[in-house]
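As stored in final.cif (mmCIF, C-alpha atoms):
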data_query
loop_
_atom_site.label_atom_id
_atom_site.label_comp_id
_atom_site.auth_asym_id
_atom_site.auth_seq_id
_atom_site.Cartn_x
_atom_site.Cartn_y
_atom_site.Cartn_z
CA PRO W 1 131.10 82.15 170.15
CA PRO W 2 130.65 78.41 169.61
CA THR W 3 132.42 76.64 166.76
CA ALA W 4 131.09 74.33 164.07
CA SER W 5 131.85 73.39 160.49
CA ASN W 6 129.49 73.62 157.55
CA PRO W 7 127.78 70.25 157.03
CA ALA W 8 128.75 68.28 153.93
CA ASP W 9 126.97 69.17 150.70
CA ILE W 10 124.32 66.73 149.47
CA ASN W 11 123.95 65.83 145.79
CA VAL W 12 120.59 64.52 144.52
CA GLN W 13 119.05 63.87 141.10
CA CYS W 14 115.55 65.26 141.70
CA LEU W 15 113.85 67.90 143.78
CA ALA W 16 111.73 65.11 145.28
CA ASP W 17 114.95 63.50 146.62
CA VAL W 18 115.88 66.50 148.80
CA PRO W 19 115.90 65.33 152.44
CA ALA W 20 114.11 67.26 155.15
CA ALA W 21 116.13 69.82 157.09
CA ASN W 22 117.83 68.15 160.05
CA PRO W 23 119.93 69.97 162.69
CA ASN W 24 121.76 66.67 163.33
CA VAL W 25 123.77 67.23 160.13
CA VAL W 26 125.92 69.65 162.19
CA THR W 27 128.10 67.18 164.11
CA ASP W 28 131.17 69.03 165.33
CA GLU W 29 129.62 71.91 167.30
CA ALA W 30 131.60 72.92 170.39
CA ASP W 31 131.83 75.71 172.96
CA ASN W 32 134.10 76.52 175.90
CA CYS W 33 131.11 76.54 178.30
CA GLY W 34 129.21 73.42 177.27
CA THR W 35 127.50 71.86 174.31
CA PRO W 36 125.74 74.34 172.02
CA THR W 37 122.34 73.68 170.47
CA VAL W 38 121.74 73.57 166.73
CA THR W 39 118.47 74.64 165.08
CA PHE W 40 117.36 74.91 161.48
CA VAL W 41 116.82 78.56 160.53
CA SER W 42 115.93 78.80 156.84
CA GLN W 43 116.68 77.72 153.29
CA THR W 44 116.69 79.38 149.92
CA ALA W 45 113.64 78.72 147.76
CA ASP W 46 113.40 75.39 145.98
CA PRO W 47 114.42 75.52 142.31
CA VAL W 48 111.50 75.54 139.88
CA ASN W 49 112.82 72.41 138.19
CA ASN W 50 115.27 69.62 138.94
CA ASP W 51 118.38 71.71 138.49
CA GLY W 52 119.74 74.12 141.07
CA THR W 53 121.03 74.53 144.61
CA ILE W 54 119.22 74.93 147.91
CA THR W 55 121.26 76.52 150.72
CA ARG W 56 120.17 75.73 154.28
CA THR W 57 121.15 77.82 157.29
CA TYR W 58 121.59 76.29 160.77
CA LEU W 59 122.06 78.34 163.94
CA VAL W 60 124.60 77.16 166.52
CA ASP W 61 123.81 78.76 169.92
CA ASP W 62 125.90 78.37 173.11
CA GLY W 63 123.01 79.51 175.33
CA ASN W 64 124.97 82.53 176.56
CA GLY W 65 124.12 84.96 173.76
CA ASN W 66 126.79 83.75 171.34
CA THR W 67 125.75 82.27 167.99
CA ILE W 68 127.11 81.40 164.57
CA ASN W 69 125.48 80.24 161.35
CA VAL W 70 126.63 77.24 159.35
CA PHE W 71 125.46 76.45 155.83
CA GLN W 72 124.70 73.33 153.82
CA ASP W 73 124.15 73.17 150.05
CA ILE W 74 121.85 70.61 148.47
CA VAL W 75 122.81 70.41 144.80
CA ILE W 76 120.01 69.16 142.52
CA ASP W 77 121.28 67.96 139.15
CA ASP W 78 119.20 65.57 137.05
CA THR W 79 121.69 63.74 134.83
CA THR W 80 119.55 60.69 134.06
CA ASP W 81 117.95 60.25 130.63
CA PRO W 82 114.29 59.25 130.41
CA ASN W 83 113.68 55.49 130.18
CA THR W 84 113.88 54.21 126.61
CA PRO W 85 110.49 52.78 125.61
CA VAL W 86 110.09 49.91 123.17
CA LEU W 87 107.77 51.26 120.48
CA ALA W 88 105.93 48.56 118.58
CA ASP W 89 105.13 48.96 114.89
CA VAL W 90 101.69 50.52 114.47
CA ASN W 91 99.31 50.15 111.53
CA VAL W 92 97.34 53.39 111.25
CA GLY W 93 94.93 52.42 108.48
CA GLN W 94 94.27 51.59 104.88
CA CYS W 95 94.74 55.07 103.41
CA SER W 96 96.15 57.38 106.08
CA GLY W 97 96.41 57.76 109.81
CA THR W 98 97.98 59.25 112.90
CA PRO W 99 99.71 57.06 115.47
CA PRO W 100 98.93 57.50 119.16
CA THR W 101 101.47 59.62 121.06
CA PRO W 102 103.79 57.28 122.97
CA THR W 103 104.91 57.92 126.55
CA THR W 104 107.79 56.93 128.78
CA THR W 105 108.83 57.58 132.37
CA ASP W 106 111.59 59.66 133.87
CA ASN W 107 113.24 59.57 137.29
CA CYS W 108 112.26 63.19 138.04
CA ALA W 109 109.58 64.24 135.55
CA GLY W 110 107.35 61.16 135.83
CA THR W 111 105.41 60.43 132.62
CA ILE W 112 106.69 62.14 129.47
CA ASN W 113 104.86 62.37 126.12
CA GLY W 114 106.86 61.92 122.94
CA THR W 115 107.08 64.75 120.41
CA THR W 116 107.97 64.56 116.73
CA SER W 117 108.47 66.80 113.72
CA THR W 118 106.59 64.33 111.49
CA THR W 119 103.47 65.80 109.87
CA PHE W 120 100.28 63.84 110.52
CA PRO W 121 98.26 62.21 109.15
CA ILE W 122 100.67 59.98 107.28
CA THR W 123 99.30 59.29 103.79
CA THR W 124 102.22 57.52 102.11
CA GLN W 125 101.60 53.81 101.55
CA GLY W 126 104.09 51.56 103.30
CA THR W 127 106.28 52.14 106.34
CA THR W 128 107.22 55.60 107.60
CA VAL W 129 109.82 55.81 110.36
CA VAL W 130 108.70 58.36 112.96
CA THR W 131 111.36 59.65 115.37
CA TRP W 132 109.88 60.47 118.78
CA THR W 133 111.79 62.71 121.22
CA PHE W 134 111.33 62.29 124.97
CA ASP W 135 112.63 65.35 126.86
CA ASP W 136 112.51 65.52 130.68
CA GLY W 137 112.84 69.32 130.76
CA ASN W 138 116.13 69.09 132.66
CA GLY W 139 118.52 68.79 129.74
CA ASN W 140 118.09 65.03 129.25
CA SER W 141 116.39 63.67 126.13
CA ILE W 142 116.35 60.56 123.99
CA ASN W 143 115.13 59.79 120.46
CA VAL W 144 113.26 56.57 119.69
CA ASN W 145 112.14 55.38 116.24
CA GLN W 146 108.77 53.79 115.51
CA ASN W 147 107.54 52.18 112.29
CA VAL W 148 104.16 53.61 111.29
CA ILE W 149 102.45 51.61 108.54
CA VAL W 150 99.77 52.66 106.07
CA ASP W 151 98.68 49.51 104.22
CA ASP W 152 95.82 49.44 101.71
CA THR W 153 94.72 45.80 101.58
CA THR W 154 91.18 46.39 100.26
CA ASP W 155 90.50 45.80 96.56
CA PRO W 156 88.60 48.43 94.55
CA ASN W 157 84.82 47.90 94.34
CA THR W 158 83.85 45.61 91.45
CA PRO W 159 81.73 47.61 88.99
CA VAL W 160 78.84 46.14 87.03
CA LEU W 161 79.69 46.85 83.39
CA ALA W 162 76.81 46.91 80.93
CA ASP W 163 77.21 45.70 77.37
CA VAL W 164 78.27 48.52 75.04
CA ASN W 165 77.64 48.72 71.28
CA VAL W 166 80.53 50.66 69.78
CA GLY W 167 79.44 50.81 66.15
CA GLN W 168 78.98 48.88 62.87
CA CYS W 169 82.61 48.17 62.01
CA SER W 170 84.77 49.30 64.84
CA GLY W 171 84.81 51.52 67.91
CA THR W 172 86.23 52.31 71.28
CA PRO W 173 84.18 51.75 74.41
CA PRO W 174 84.17 54.45 77.11
CA THR W 175 86.61 53.86 79.95
CA PRO W 176 84.75 52.43 82.94
CA THR W 177 85.30 53.62 86.50
CA THR W 178 84.84 52.26 90.02
CA THR W 179 85.45 53.42 93.56
CA ASP W 180 88.11 52.49 96.10
CA ASN W 181 88.40 52.92 99.85
#

Is it possible to express this structure as structure tokens?
Amino acid sequence: PPTASNPADINVQCLADVPAANPNVVTDEADNCGTPTVTFVSQTADPVNNDGTITRTYLVDDGNGNTINVFQDIVIDDTTDPNTPVLADVNVGQCSGTPPTPTTTDNCAGTINGTTSTTFPITTQGTTVVTWTFDDGNGNSINVNQNVIVDDTTDPNTPVLADVNVGQCSGTPPTPTTTDN
């Protein structure tokens, strides 16, 4: 049979980075009766995410009925965290509000939405720090804080208070009310 070595393994970050099968990766094929041919035969199924190994099989054929298989592993291992977004402070309203869900990008997953354990809407006046988690689904995640502000800057409505007669000598007027946003 001919001889050949397994091609070198390839390491990539993302499934999208896996190169096409190429018989030229087998470079040391030899045979006692000439130069054998190399063809791509098959590969294991692609991983469902960006973590796993694809094994490719190449056939080395001397043209005289003698063949061997050589194998190449493509190791997919996403080790890159999502990009860290800069989250601006957001004012969500006078009384309460829910901030928009922020996004970021990842080398393999593309656009990622932030998630948080904060309960919305936020009703506490002032600044609430919301921690957003960006997870690429491949074991890489980051946490980013955002200031979410509820700020009531509107005065209560000014009531029109009628004159009140409280009695001949003394008395207590009723407590007036008004409305607020």

**Asked** Where does the PyMOL selection byres ((chain W and resi 93) around 9) land in this file, that is, which residues does it pick, as a ChimeraX atom specification?
**Response** /W:91-92,94-98,149-152

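In terms of minimum interatomic distance to W:Asn69, W:Val38 ranks closest within W:Leu87, W:Ala8, W:Cys33, W:Val38, counting all atoms listed in the file.
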
**Message:** Give me the residues near W:Ala21 as a PyMOL selection string, where near means some atom within 10 Å (using only C-alpha atoms) and where sequence neighbours in that chain fewer than 4 positions away do not count.
**Reply:** chain W and resi 25+39-43+56-58+72

**Request:** List every protein, DNA or RNA residue that has an atom no more than 6 Å from (129.8, 78.0, 159.2) in the file's coordinate frame, counting all atoms listed in the file, and report them as a list in words.
**Result:**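 Protein, DNA and RNA residues close to (129.8, 78.0, 159.2): Ser5, Asn6, Asn69, Val70 and Phe71 of chain W.
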
**Item:** Interatomic distance (Å, one decimal) between atom CA of W:Thr104 and atom CA of W:Asp78
**Value:** 16.5 Å

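Here the question is which of W:Gly114, W:Pro176, W:Pro121, W:Pro47 gets nearest to W:Val164 using all atoms listed in the file, and that residue is W:Pro176.
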
**Prompt:** Near W:Pro156, within 9 Å and counting all atoms listed in the file, which residues show up once chain neighbours fewer than 5 positions away are dropped, as a list of chain:residue names?
**Reply:**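 So, after excluding close chain neighbours, the residues are W:Thr178, W:Thr179, W:Asp180, W:Asn181.
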
**Item:** For W:Thr128, the nearest of the candidates W:Asp17, W:Asp89, W:Asp73, W:Asp106, counting only C-alpha atoms
**Value:**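 Ranked by minimum distance to W:Thr128, first place goes to W:Asp89.
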
**Request:** List the residues matched by the PyMOL selection byres ((chain W and resi 84) around 12) in the displayed structure as number ranges by chain, ordered by chain and then by residue number.
**Result:** W: 80-83, 85-87, 102-107, 112, 114, 132-135, 140-145

**Message:** As an exercise, work out the distance from atom CA of W:Asn49 to atom CA of W:Pro19 in Å and give it to one decimal place.
**Reply:**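 Interatomic distance, atom CA of W:Asn49 to atom CA of W:Pro19: 16.2 Å.
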
**Request:** One decimal, Å: what's the distance from atom CA of W:Gly126 over to atom CA of W:Asn157, could you say?
**Result:** 21.6 Å
